[in-house]
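Containing compact mmCIF, C-alpha atoms and all ligand atoms: final12.txt.
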```
# COMPACT_ATOMS: atom_id res chain seq x y z
CA MET V 17 -28.25 36.08 -82.55
CA ILE V 18 -25.80 37.03 -79.79
CA ILE V 19 -26.43 40.47 -78.31
CA GLU V 20 -24.87 41.46 -74.99
CA SER V 21 -26.62 43.66 -72.46
CA SER V 22 -25.33 46.98 -71.22
CA LEU V 23 -27.24 46.72 -67.93
CA GLN V 24 -25.20 46.52 -64.75
CA ALA V 25 -26.05 43.97 -62.05
CA GLU V 26 -25.54 46.65 -59.35
CA ALA V 27 -28.45 48.69 -60.75
CA THR V 28 -31.13 45.98 -60.43
CA ILE V 29 -34.26 46.68 -58.42
CA ASP V 30 -34.71 42.98 -57.66
CA ARG V 31 -32.64 39.82 -57.91
CA GLU V 32 -33.42 36.31 -56.81
CA VAL V 33 -31.65 32.97 -57.13
CA VAL V 34 -34.03 30.13 -58.00
CA ASN V 35 -32.78 26.73 -57.00
CA ALA V 36 -33.16 23.71 -59.25
CA GLY V 37 -36.67 22.30 -59.01
CA ASP V 38 -38.18 25.52 -57.56
CA TYR V 39 -40.50 28.05 -59.16
CA TYR V 40 -40.27 31.82 -59.62
CA LEU V 41 -43.36 34.02 -59.84
CA LYS V 42 -43.23 37.79 -60.03
CA VAL V 43 -44.82 40.72 -61.86
CA VAL V 44 -42.61 42.68 -64.24
CA LYS V 45 -44.02 46.08 -65.22
CA LYS V 46 -44.22 47.49 -68.71
CA GLY V 47 -40.87 49.06 -69.59
CA GLN V 48 -38.91 47.02 -67.05
CA THR V 49 -36.29 44.51 -68.16
CA VAL V 50 -35.93 41.01 -66.78
CA ARG V 51 -32.80 38.87 -67.17
CA ILE V 52 -32.74 35.10 -66.76
CA LEU V 53 -29.21 34.03 -65.92
CA ASP V 54 -27.93 30.46 -66.28
CA LEU V 55 -25.59 30.42 -63.27
CA GLU V 56 -23.83 27.09 -63.79
CA GLY V 57 -24.72 26.27 -67.39
CA ASN V 58 -26.99 23.88 -69.31
CA GLN V 59 -30.06 24.64 -67.21
CA ALA V 60 -33.56 24.78 -68.74
CA ALA V 61 -35.81 27.61 -67.49
CA ASP V 62 -39.39 26.65 -68.41
CA THR V 63 -41.25 29.94 -68.63
CA LEU V 64 -44.84 31.17 -68.98
CA PHE V 65 -46.02 34.80 -69.21
CA TYR V 66 -49.46 36.27 -68.47
CA ASN V 67 -50.89 39.75 -68.87
CA ALA V 68 -50.78 40.88 -65.22
CA ASN V 69 -54.01 42.89 -65.67
CA ASN V 70 -55.95 40.06 -67.34
CA VAL V 71 -54.41 36.62 -67.05
CA SER V 72 -56.66 35.15 -69.75
CA GLU V 73 -54.19 36.81 -72.12
CA ARG V 74 -50.96 34.84 -72.04
CA TYR V 75 -47.86 33.84 -73.96
CA SER V 76 -48.75 31.88 -77.08
CA ALA V 77 -46.11 29.72 -78.71
CA THR V 78 -48.14 29.33 -81.93
CA ASP V 79 -48.75 33.06 -82.38
CA THR V 80 -45.07 33.78 -81.64
CA ILE V 81 -43.74 31.11 -84.01
CA ARG V 82 -46.09 32.09 -86.81
CA GLU V 83 -45.63 35.86 -86.54
CA GLN V 84 -41.82 35.65 -86.58
CA GLY V 85 -41.81 32.75 -89.07
CA ASN V 86 -39.28 30.81 -87.04
CA VAL V 87 -39.40 28.08 -84.40
CA TYR V 88 -36.44 29.39 -82.35
CA LEU V 89 -36.35 32.41 -80.06
CA THR V 90 -33.40 34.77 -79.79
CA ALA V 91 -32.53 38.50 -79.58
CA GLY V 92 -35.13 40.41 -81.59
CA SER V 93 -37.90 37.85 -81.05
CA VAL V 94 -41.17 39.38 -79.95
CA LEU V 95 -43.20 37.11 -77.68
CA MET V 96 -46.83 37.24 -78.75
CA SER V 97 -49.97 36.58 -76.71
CA ASN V 98 -53.00 34.45 -77.56
CA GLU V 99 -54.58 37.78 -78.59
CA CYS V 100 -51.71 38.11 -81.07
CA LYS V 101 -50.37 41.15 -79.20
CA PRO V 102 -46.70 41.75 -78.31
CA MET V 103 -45.97 40.91 -74.64
CA LEU V 104 -42.19 41.03 -74.33
CA LYS V 105 -39.20 41.47 -76.60
CA ILE V 106 -35.90 39.63 -76.27
CA VAL V 107 -33.37 42.49 -76.13
CA ALA V 108 -30.22 40.57 -75.24
CA ASP V 109 -29.16 36.95 -75.58
CA THR V 110 -25.73 35.43 -75.05
CA CYS V 111 -26.96 31.87 -75.67
CA GLY V 112 -28.25 32.36 -79.23
CA ARG V 113 -31.23 30.07 -79.41
CA HIS V 114 -34.13 29.09 -77.16
CA ASP V 115 -36.87 26.50 -77.62
CA THR V 116 -40.62 26.99 -77.67
CA VAL V 117 -41.72 23.77 -79.38
CA GLY V 118 -40.76 21.13 -76.80
CA GLY V 119 -42.99 22.19 -73.91
CA ALA V 120 -42.40 21.33 -70.27
CA CYS V 121 -41.89 18.10 -68.40
CA ALA V 122 -44.84 16.67 -66.48
CA THR V 123 -45.05 13.53 -64.39
CA GLU V 124 -47.48 12.03 -66.92
CA SER V 125 -45.42 12.82 -70.00
CA ASN V 126 -42.34 11.48 -68.19
CA THR V 127 -44.05 8.06 -68.05
CA VAL V 128 -44.32 8.11 -71.85
CA ARG V 129 -40.87 9.51 -72.54
CA TYR V 130 -38.80 7.52 -70.06
CA ALA V 131 -40.55 4.77 -68.07
CA LEU V 132 -43.87 4.18 -66.32
CA GLU V 133 -41.95 3.80 -63.05
CA LYS V 134 -40.77 7.44 -63.24
CA LYS V 135 -44.25 8.81 -62.63
CA CYS V 136 -43.45 10.31 -59.23
CA MET V 137 -40.28 12.16 -60.21
CA HIS V 138 -40.49 15.93 -59.74
CA ALA V 139 -41.46 17.80 -62.93
CA CYS V 140 -41.93 21.37 -64.18
CA ARG V 141 -45.71 21.13 -64.28
CA ASP V 142 -45.78 20.19 -60.59
CA SER V 143 -43.81 23.35 -59.80
CA TRP V 144 -46.24 25.48 -61.80
CA LEU V 145 -49.31 23.84 -60.27
CA LEU V 146 -47.92 24.52 -56.81
CA ALA V 147 -47.13 28.10 -57.82
CA ILE V 148 -50.68 28.84 -58.94
CA ALA V 149 -52.16 27.01 -55.95
CA GLU V 150 -50.02 29.09 -53.56
CA ASN V 151 -50.91 32.31 -55.39
CA GLU V 152 -54.65 31.86 -55.79
CA ALA V 153 -55.28 35.60 -56.04
CA LEU V 154 -53.84 35.56 -59.55
CA GLY V 155 -56.81 33.51 -60.70
CA LEU V 156 -54.76 30.96 -62.64
CA SER V 157 -55.80 27.32 -62.99
CA LYS V 158 -54.55 24.20 -64.78
CA LYS V 159 -56.00 25.43 -68.07
CA ASP V 160 -53.49 28.30 -67.95
CA ILE V 161 -50.55 25.93 -67.58
CA THR V 162 -49.79 25.57 -71.23
CA HIS V 163 -47.27 25.65 -74.06
CA ASN V 164 -44.18 27.41 -72.66
CA ILE V 165 -40.74 28.71 -73.56
CA ASN V 166 -37.67 26.69 -72.63
CA PHE V 167 -34.96 29.25 -72.19
CA PHE V 168 -31.46 27.79 -72.69
CA MET V 169 -32.84 24.57 -74.16
CA ASN V 170 -31.72 23.23 -77.52
CA VAL V 171 -34.44 21.39 -79.48
CA PRO V 172 -33.30 21.28 -83.10
CA VAL V 173 -35.85 20.68 -85.85
CA THR V 174 -34.68 19.50 -89.26
CA SER V 175 -35.91 20.16 -92.80
CA ASP V 176 -37.08 16.54 -93.08
CA GLY V 177 -39.40 17.08 -90.09
CA LYS V 178 -37.48 15.57 -87.19
CA LEU V 179 -37.09 17.02 -83.73
CA SER V 180 -34.58 16.06 -81.05
CA PHE V 181 -33.46 17.06 -77.58
CA ALA V 182 -29.80 17.87 -77.99
CA ASP V 183 -27.05 18.85 -75.60
CA GLY V 184 -27.48 22.38 -74.35
CA ILE V 185 -25.75 25.26 -76.07
CA SER V 186 -25.88 27.35 -72.92
CA GLY V 187 -23.07 27.67 -70.43
CA ALA V 188 -22.28 29.18 -67.04
CA GLY V 189 -23.03 32.91 -67.06
CA LYS V 190 -25.11 32.92 -70.25
CA TYR V 191 -28.31 34.92 -70.10
CA VAL V 192 -31.37 36.10 -71.94
CA GLU V 193 -32.94 39.51 -71.31
CA LEU V 194 -36.48 40.61 -72.07
CA GLU V 195 -38.17 43.99 -72.08
CA ALA V 196 -41.79 43.88 -70.93
CA LEU V 197 -44.17 45.53 -73.44
CA MET V 198 -47.08 45.17 -70.99
CA ASP V 199 -47.31 44.35 -67.26
CA VAL V 200 -46.59 40.62 -67.13
CA VAL V 201 -46.66 37.82 -64.59
CA VAL V 202 -43.45 35.82 -65.03
CA LEU V 203 -43.82 32.17 -64.01
CA ILE V 204 -40.70 30.02 -64.27
CA SER V 205 -40.05 26.42 -63.36
CA ASN V 206 -36.34 25.86 -62.92
CA CYS V 207 -36.52 22.44 -64.55
CA PRO V 208 -35.86 19.44 -62.26
CA GLN V 209 -35.57 16.93 -65.13
CA LEU V 210 -33.00 14.20 -64.48
CA ASN V 211 -33.67 12.06 -67.55
CA ASN V 212 -32.47 14.08 -70.52
CA PRO V 213 -29.61 16.31 -71.62
CA CYS V 214 -31.58 19.58 -71.31
CA ASN V 215 -30.03 20.03 -67.86
CA ALA V 216 -26.94 17.96 -68.57
CA TYR V 217 -28.65 15.46 -66.19
CA ASN V 218 -27.77 17.85 -63.39
CA PRO V 219 -30.28 20.60 -62.50
CA THR V 220 -28.63 23.78 -61.18
CA PRO V 221 -29.76 27.25 -60.00
CA ILE V 222 -30.69 30.23 -62.15
CA GLU V 223 -30.94 33.90 -61.15
CA ILE V 224 -33.61 36.39 -62.14
CA LEU V 225 -32.73 40.10 -62.23
CA ILE V 226 -35.08 43.01 -62.87
CA TRP V 227 -34.23 46.58 -63.93
CA ASN V 228 -36.43 49.65 -64.18
CA MET G 13 -68.51 0.34 -92.83
CA ILE G 14 -69.19 4.06 -92.78
CA LEU G 15 -71.46 4.94 -89.85
CA TYR G 16 -71.78 8.62 -90.75
CA LYS G 17 -70.39 11.07 -93.26
CA ASP G 18 -70.75 14.71 -94.06
CA THR G 19 -69.01 17.40 -96.09
CA LEU G 20 -67.94 20.87 -94.98
CA PRO G 21 -66.85 23.65 -97.30
CA SER G 22 -64.05 25.98 -96.17
CA GLY G 23 -64.71 28.52 -93.42
CA LYS G 24 -66.95 26.29 -91.27
CA HIS G 25 -66.70 24.68 -87.82
CA TRP G 26 -68.25 21.78 -85.95
CA SER G 27 -67.59 19.49 -82.99
CA MET G 28 -68.53 16.02 -81.81
CA LYS G 29 -67.63 13.25 -79.42
CA MET G 30 -65.61 10.46 -81.01
CA ARG G 31 -66.02 7.19 -79.13
CA ARG G 32 -63.15 4.89 -78.30
CA GLY G 33 -63.12 2.19 -81.00
CA THR G 34 -64.26 4.46 -83.81
CA SER G 35 -62.16 6.17 -86.45
CA LEU G 36 -62.44 9.48 -88.24
CA ARG G 37 -61.40 9.75 -91.90
CA LEU G 38 -60.93 13.25 -93.29
CA ILE G 39 -60.73 13.61 -97.06
CA ASP G 40 -59.57 16.72 -98.91
CA LYS G 41 -62.09 16.68 -101.76
CA THR G 42 -60.72 19.63 -103.70
CA GLY G 43 -57.06 20.06 -102.76
CA ASN G 44 -55.44 22.80 -100.62
CA ALA G 45 -57.66 22.05 -97.62
CA ASN G 46 -56.88 22.85 -94.00
CA VAL G 47 -58.59 21.36 -90.96
CA GLY G 48 -57.86 22.94 -87.57
CA MET G 49 -58.45 20.45 -84.76
CA LEU G 50 -58.35 20.21 -80.95
CA PHE G 51 -59.13 17.33 -78.55
CA TYR G 52 -60.53 17.23 -74.98
CA ASN G 53 -61.42 14.39 -72.63
CA PRO G 54 -65.22 14.54 -72.02
CA GLU G 55 -64.69 12.97 -68.56
CA ASN G 56 -62.27 15.73 -67.56
CA LEU G 57 -62.19 18.74 -69.85
CA LEU G 58 -58.89 19.84 -68.31
CA GLU G 59 -57.22 16.99 -70.20
CA ARG G 60 -56.53 18.21 -73.72
CA TYR G 61 -54.39 17.76 -76.83
CA ASN G 62 -50.79 18.68 -76.14
CA ALA G 63 -48.71 19.44 -79.22
CA PRO G 64 -45.32 19.67 -77.43
CA ASP G 65 -45.77 16.31 -75.71
CA THR G 66 -46.92 14.77 -79.00
CA LEU G 67 -43.90 16.05 -80.90
CA LYS G 68 -41.18 15.45 -78.35
CA CYS G 69 -42.14 11.92 -77.34
CA GLN G 70 -42.08 10.85 -80.98
CA HIS G 71 -39.03 12.97 -81.88
CA THR G 72 -40.89 14.54 -84.76
CA PHE G 73 -41.83 17.98 -86.01
CA LYS G 74 -44.24 16.74 -88.68
CA LEU G 75 -47.21 14.47 -88.00
CA THR G 76 -48.10 11.52 -90.24
CA LYS G 77 -48.99 7.82 -90.36
CA GLY G 78 -47.66 5.90 -87.36
CA HIS G 79 -47.83 8.86 -84.99
CA CYS G 80 -50.12 9.16 -81.97
CA LEU G 81 -51.75 12.38 -80.79
CA TYR G 82 -51.27 12.78 -77.04
CA SER G 83 -53.08 14.52 -74.23
CA ASP G 84 -51.25 16.50 -71.56
CA MET G 85 -51.85 13.53 -69.24
CA GLY G 86 -49.63 11.05 -71.10
CA ARG G 87 -52.52 9.38 -72.92
CA ILE G 88 -53.31 8.84 -76.57
CA PHE G 89 -56.47 10.47 -77.88
CA CYS G 90 -56.00 8.94 -81.32
CA ALA G 91 -53.49 7.34 -83.66
CA ILE G 92 -52.82 8.30 -87.27
CA THR G 93 -53.40 4.88 -88.84
CA ASP G 94 -53.27 6.06 -92.44
CA ASP G 95 -52.26 9.24 -94.25
CA SER G 96 -51.78 9.87 -97.95
CA PHE G 97 -50.36 13.38 -97.47
CA GLY G 98 -47.41 12.88 -95.13
CA TRP G 99 -46.92 16.11 -93.18
CA HIS G 100 -49.45 17.84 -90.94
CA ASP G 101 -48.61 21.04 -89.03
CA THR G 102 -49.21 21.59 -85.32
CA VAL G 103 -47.20 24.73 -84.44
CA CYS G 104 -48.69 27.57 -86.51
CA GLY G 105 -52.04 28.08 -84.75
CA ASN G 106 -54.97 29.81 -86.43
CA THR G 107 -56.04 32.78 -88.44
CA ASN G 108 -57.75 35.41 -86.30
CA ALA G 109 -60.23 38.10 -87.33
CA SER G 110 -57.73 40.90 -88.01
CA MET G 111 -55.30 38.61 -89.85
CA SER G 112 -58.10 37.26 -92.02
CA GLU G 113 -59.34 40.77 -92.77
CA LYS G 114 -55.85 41.91 -93.74
CA LYS G 115 -55.44 38.98 -96.14
CA TRP G 116 -58.92 38.62 -97.59
CA GLY G 117 -61.01 41.61 -96.61
CA PRO G 118 -63.70 42.00 -93.94
CA ARG G 119 -65.82 39.13 -92.66
CA ASP G 120 -69.13 40.42 -93.91
CA TYR G 121 -72.20 38.34 -93.11
CA GLN G 122 -74.62 41.01 -94.36
CA ASN G 123 -73.37 40.65 -97.91
CA HIS G 124 -71.77 37.22 -98.05
CA ARG G 125 -74.12 35.26 -95.79
CA ASN G 126 -72.55 31.86 -95.03
CA SER G 127 -69.72 32.44 -97.45
CA TRP G 128 -68.39 35.08 -95.03
CA LYS G 129 -64.69 34.76 -94.24
CA GLN G 130 -64.70 32.92 -90.92
CA ASN G 131 -61.37 32.66 -89.08
CA GLY G 132 -59.94 29.70 -87.14
CA ASN G 133 -59.72 31.46 -83.78
CA ASP G 134 -63.38 32.51 -83.72
CA ALA G 135 -64.39 29.10 -85.08
CA PHE G 136 -62.68 27.33 -82.17
CA LEU G 137 -64.14 29.79 -79.64
CA VAL G 138 -67.69 29.02 -80.79
CA GLU G 139 -67.20 25.26 -80.59
CA ALA G 140 -65.25 25.41 -77.30
CA THR G 141 -67.94 27.49 -75.62
CA LYS G 142 -70.53 24.76 -76.33
CA TYR G 143 -68.69 22.59 -73.78
CA GLY G 144 -68.08 25.27 -71.17
CA LEU G 145 -64.55 25.83 -72.46
CA ASN G 146 -63.15 29.30 -73.17
CA LYS G 147 -60.18 30.94 -74.83
CA GLN G 148 -57.92 29.86 -71.98
CA ASP G 149 -58.67 26.26 -72.94
CA LEU G 150 -57.44 26.66 -76.50
CA ALA G 151 -54.03 25.14 -77.14
CA ALA G 152 -51.67 24.67 -80.08
CA ASN G 153 -53.96 22.96 -82.59
CA LEU G 154 -53.49 20.58 -85.47
CA ASN G 155 -53.59 21.97 -89.00
CA LEU G 156 -54.35 18.82 -90.98
CA PHE G 157 -53.47 18.85 -94.70
CA SER G 158 -51.07 21.77 -94.21
CA LYS G 159 -47.31 21.35 -94.56
CA VAL G 160 -44.99 23.96 -93.03
CA GLU G 161 -41.28 23.24 -93.50
CA PRO G 162 -38.41 24.46 -91.32
CA ASN G 163 -34.93 25.15 -92.70
CA ASP G 164 -31.70 24.60 -90.76
CA ASP G 165 -32.10 27.99 -89.04
CA GLY G 166 -35.64 27.20 -87.91
CA ALA G 167 -37.30 29.53 -90.44
CA LEU G 168 -40.70 28.25 -91.54
CA THR G 169 -42.13 28.16 -95.05
CA TYR G 170 -45.68 27.32 -96.04
CA SER G 171 -44.87 24.50 -98.45
CA VAL G 172 -45.57 24.80 -102.17
CA SER G 173 -46.66 21.15 -102.11
CA GLN G 174 -49.94 21.18 -100.17
CA SER G 175 -52.55 18.43 -100.23
CA LYS G 176 -54.28 17.34 -103.43
CA ALA G 177 -57.86 16.31 -104.12
CA GLY G 178 -58.32 12.84 -102.64
CA ASP G 179 -55.70 13.12 -99.92
CA PHE G 180 -56.96 11.67 -96.64
CA ILE G 181 -55.98 10.99 -93.03
CA ASP G 182 -57.40 8.37 -90.65
CA LEU G 183 -57.55 9.00 -86.90
CA ARG G 184 -58.28 5.94 -84.75
CA PHE G 185 -59.63 7.04 -81.36
CA GLU G 186 -58.20 5.22 -78.36
CA MET G 187 -60.38 6.98 -75.74
CA ASP G 188 -63.61 8.96 -75.85
CA THR G 189 -62.67 12.40 -77.20
CA ILE G 190 -64.40 15.71 -77.81
CA VAL G 191 -63.20 16.87 -81.23
CA LEU G 192 -63.41 20.57 -82.14
CA PHE G 193 -62.63 21.26 -85.77
CA HIS G 194 -62.80 23.99 -88.38
CA THR G 195 -62.17 24.28 -92.09
CA CYS G 196 -60.71 27.79 -91.99
CA PRO G 197 -57.55 28.48 -94.00
CA HIS G 198 -54.09 27.84 -92.63
CA PRO G 199 -52.74 31.12 -91.18
CA LEU G 200 -49.70 31.04 -93.49
CA ASN G 201 -51.81 30.55 -96.61
CA ASP G 202 -51.32 33.79 -98.55
CA SER G 203 -53.57 33.06 -101.51
CA ALA G 204 -55.09 36.18 -103.06
CA GLN G 205 -58.67 35.00 -102.50
CA TYR G 206 -60.13 33.42 -99.36
CA PRO G 207 -59.34 29.73 -100.01
CA GLU G 208 -62.28 27.68 -101.24
CA PHE G 209 -62.12 23.94 -100.56
CA GLU G 210 -64.21 21.05 -99.33
CA VAL G 211 -63.55 18.39 -96.69
CA GLU G 212 -65.49 15.17 -96.22
CA TYR G 213 -65.41 13.46 -92.85
CA GLN G 214 -66.46 9.88 -92.23
CA ILE G 215 -66.89 7.93 -89.01
CA PHE G 216 -66.38 4.17 -89.03
CA SER G 217 -65.70 1.34 -86.56
CA SER G 218 -61.99 0.79 -85.97
CA ALA G 219 -60.35 -2.55 -86.66
CA THR G 220 -59.07 -4.28 -83.52
CA VAL G 221 -55.71 -2.96 -82.35
CA THR G 222 -53.36 -5.94 -82.71
CA ASP G 223 -50.09 -6.54 -80.86
CA ASP G 224 -48.12 -5.68 -83.99
CA ASP G 225 -50.06 -2.45 -84.63
CA LEU G 226 -48.01 0.14 -86.52
CA CYS G 227 -48.85 3.13 -84.29
CA LYS G 228 -48.47 1.22 -81.03
CA ASN G 229 -45.03 -0.05 -82.06
CA SER G 230 -43.60 2.90 -83.98
CA CYS G 231 -41.54 3.78 -80.87
CA ALA G 232 -41.15 2.60 -77.26
CA GLU G 233 -42.84 5.83 -76.15
CA ASN G 234 -46.05 4.86 -77.95
CA GLN G 235 -46.04 1.40 -76.33
CA ARG G 236 -45.99 3.20 -72.98
CA GLY G 237 -48.68 5.60 -74.17
CA TYR G 238 -50.93 2.65 -75.03
CA GLU G 239 -50.21 1.16 -71.60
CA ASN G 240 -51.29 4.48 -70.03
CA ASN G 241 -54.57 4.24 -71.97
CA ARG G 242 -55.07 0.67 -70.76
CA LEU G 243 -54.55 1.82 -67.17
CA TYR G 244 -56.91 4.77 -67.72
CA HIS G 245 -59.69 2.44 -68.84
CA LEU G 246 -59.08 0.37 -65.69
CA GLY G 247 -59.80 3.53 -63.72
CA LEU G 248 -56.22 4.57 -62.91
ZN ZN R 301 -38.91 20.41 -66.85
```
Show me this structure written as C-alpha cells.
Ligand SMILES: [Zn+2]
Amino acid sequence: MIIESSLQAEATIDREVVNAGDYYLKVVKKGQTVRILDLEGNQAADTLFYNANNVSERYSATDTIREQGNVYLTAGSVLMSNECKPMLKIVADTCGRHDTVGGACATESNTVRYALEKKCMHACRDSWLLAIAENEALGLSKKDITHNINFFMNVPVTSDGKLSFADGISGAGKYVELEALMDVVVLISNCPQLNNPCNAYNPTPIEILIWN
Amino acid sequence: MILYKDTLPSGKHWSMKMRRGTSLRLIDKTGNANVGMLFYNPENLLERYNAPDTLKCQHTFKLTKGHCLYSDMGRIFCAITDDSFGWHDTVCGNTNASMSEKKWGPRDYQNHRNSWKQNGNDAFLVEATKYGLNKQDLAANLNLFSKVEPNDDGALTYSVSQSKAGDFIDLRFEMDTIVLFHTCPHPLNDSAQYPEFEVEYQIFSSATVTDDDLCKNSCAENQRGYENNRLYHLGL
C-alpha cells in the first residue's frame, strides 16, 4: 500500500548516508520516526531491530508474518518482537512491498546460492558481525544476527509454494518510514550483494533520516 | 531397520542428537498433527537451522520431498528423502502462552496434569535451555505436517487440507544435529478445542547417499550444499 509521508527533510534531527556495503547502527526512541531512503533505486536494506533496553527482545519475522497474516510488509504493517509485542509500525511506504522471508546474504550461503569460489565476497552478515563487534556495549552476539527484513527487496511467493528473487520494485527516491513503538536499536546492512537482482547487480547508497 | 521408536501425544516436547548417517521418520498417527522443530550443530551451537537460507536457495516457500534443510553456515543438517504430505510450513513460528490461553483457555497443570495446554514457545525454551541455549537462540522453526498457503497478495491461510492419519516425513541427517521438537498445535490452528493428536518418531540407519540421490541433485544449490558438508567433515 502506497502512503506518502508528510514529514519534511529539513526538520530531521539526524540524517546519515550509508554507502553500499556499510552498516548503520543507531538507537531510535519511542515516538520517533525513522525513514529509510533508497537514493538511487533497487537497493536492498537488510534490517534488524532490537529493544534498546533489553536486546534479547528483537524483531521476529515469524511473529510479524503470523500476526498480520501476510508475508509482505508495507504501510500499516506492525513489526512484532519475539515476545510478540509491537516494536515499530510502518507509517509510510512509497515502494509498496518489502520482504521478510528471504533473509540476508552471508558468505556461507553465497557458496550455496552462487558458487563455492564466491566465499570471500562481502556479505550482509559480515557487516552486521563487524557492527556488533565494534559496538560491544550493546551486548549483541552472533545468536542475535537472525531473520531480518529486506526493505526494498521483491521476493514473490506464489500460491503453489514457489519463491523467487525478482527485479526490484523500488526506484530512486522511494522510501519506507517507521514509527518506533519502543526504544529500538536499528541495525542495517546496506547490502553489498553483486550476484542477484536485489540490487540490480549494482549496490548503491541509502540515507537514514530520523524525526522527533 | 528401526533402531528406536516412540510416540508423543500433542502438547509435548523432547530433544535428541541425530547422528550423521541416521534418519528420522515422523508419522502423524491421528491426522491434523503439527511438529515444531529446530536444529543446532552440537560442535558449535551457534550454527543453527536457517529458514530463509533454506527457502531462498531452493526457490521454494513450501518444504517437501527433495528439499534440504540448511544451517546458517551453508551446510545441510538433513534432507527430506520422503514425504507423503507435500507441504510443510517454516514461516509461522509458534503458539505462545497468551495466544494459547486466548484460543483454548488457561494452561492449568493443577487440574489437567500432563494434558495441560503446553505452547510451542515454552516447549522450545525448555528443550533449548538443556543445551545452554536461550530465547535468543530460537529461530524460525519448522512446522511439520502443517500447510499454510499464500495467495497472490501474500496473505496466508491455514489450509483446509492438513495431514491425515498415516502421513509421514523422512529426514536423513547429513551431519550430527541437535534436534529440538514439540508437538504443540500450529499457531494458526483455530480449532475450538486444544488439538489432540499423536506423532510417532522412528530412528533408522540411512541408506548410502548415491551420486544420483534425489535431494543432492534436485538443484545445483544442493550439490554445492553437499560439497560444503563434505568439506566440513574434512575439517574445513
Ligand atoms: Zn545482502
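Reported to one decimal place, the separation of CA of Asp18 in chain G from CA of Phe216 in chain G is 12.5 Å.
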Notebook entry, point to check: Quick one: which residues from chain V are at most 7 Å off chain G, using all atoms listed in the file, as number ranges by chain?
Noted result: V: 72, 78-79, 81-82, 85-88, 117-119, 124-125, 128-129, 159-160, 173-175, 177-180
Notebook entry, point to check: Using only C-alpha atoms, which residues sit within 6 Å of range 188-195 of chain V once same-chain residues fewer than 3 positions away are excluded, as a ChimeraX atom specification?
Noted result: /V:48-57,104-111
Step by step, measure atom-to-atom distances between ligand ZN 301 (chain R) and each residue using only C-alpha atoms and all ligand atoms, keep those at most 8 Å, then write them as a CSV table (one decimal) with C-alpha atoms, in the coordinates of the input.
```
chain,number,residue,atom,x,y,z
V,60,ALA,CA,-33.6,24.8,-68.7
V,61,ALA,CA,-35.8,27.6,-67.5
V,62,ASP,CA,-39.4,26.6,-68.4
V,120,ALA,CA,-42.4,21.3,-70.3
V,121,CYS,CA,-41.9,18.1,-68.4
V,122,ALA,CA,-44.8,16.7,-66.5
V,139,ALA,CA,-41.5,17.8,-62.9
V,140,CYS,CA,-41.9,21.4,-64.2
V,141,ARG,CA,-45.7,21.1,-64.3
V,205,SER,CA,-40.0,26.4,-63.4
V,206,ASN,CA,-36.3,25.9,-62.9
V,207,CYS,CA,-36.5,22.4,-64.6
V,208,PRO,CA,-35.9,19.4,-62.3
V,209,GLN,CA,-35.6,16.9,-65.1
```
Item checked: Between CA of Asp38 in chain V and CA of Ile19 in chain V - distance in Å to one decimal ->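 For CA of Ile19 in chain V relative to CA of Asp38 in chain V, the distance reads 28.1 Å.
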Next item on the list: Would you be able to write out as a PyMOL selection string which residues have an atom within 10 Å of (-49.3, 40.2, -67.1) in the file's coordinates, counting only C-alpha atoms?
Entry: chain V and resi 42-46+65-75+103+154+196-202
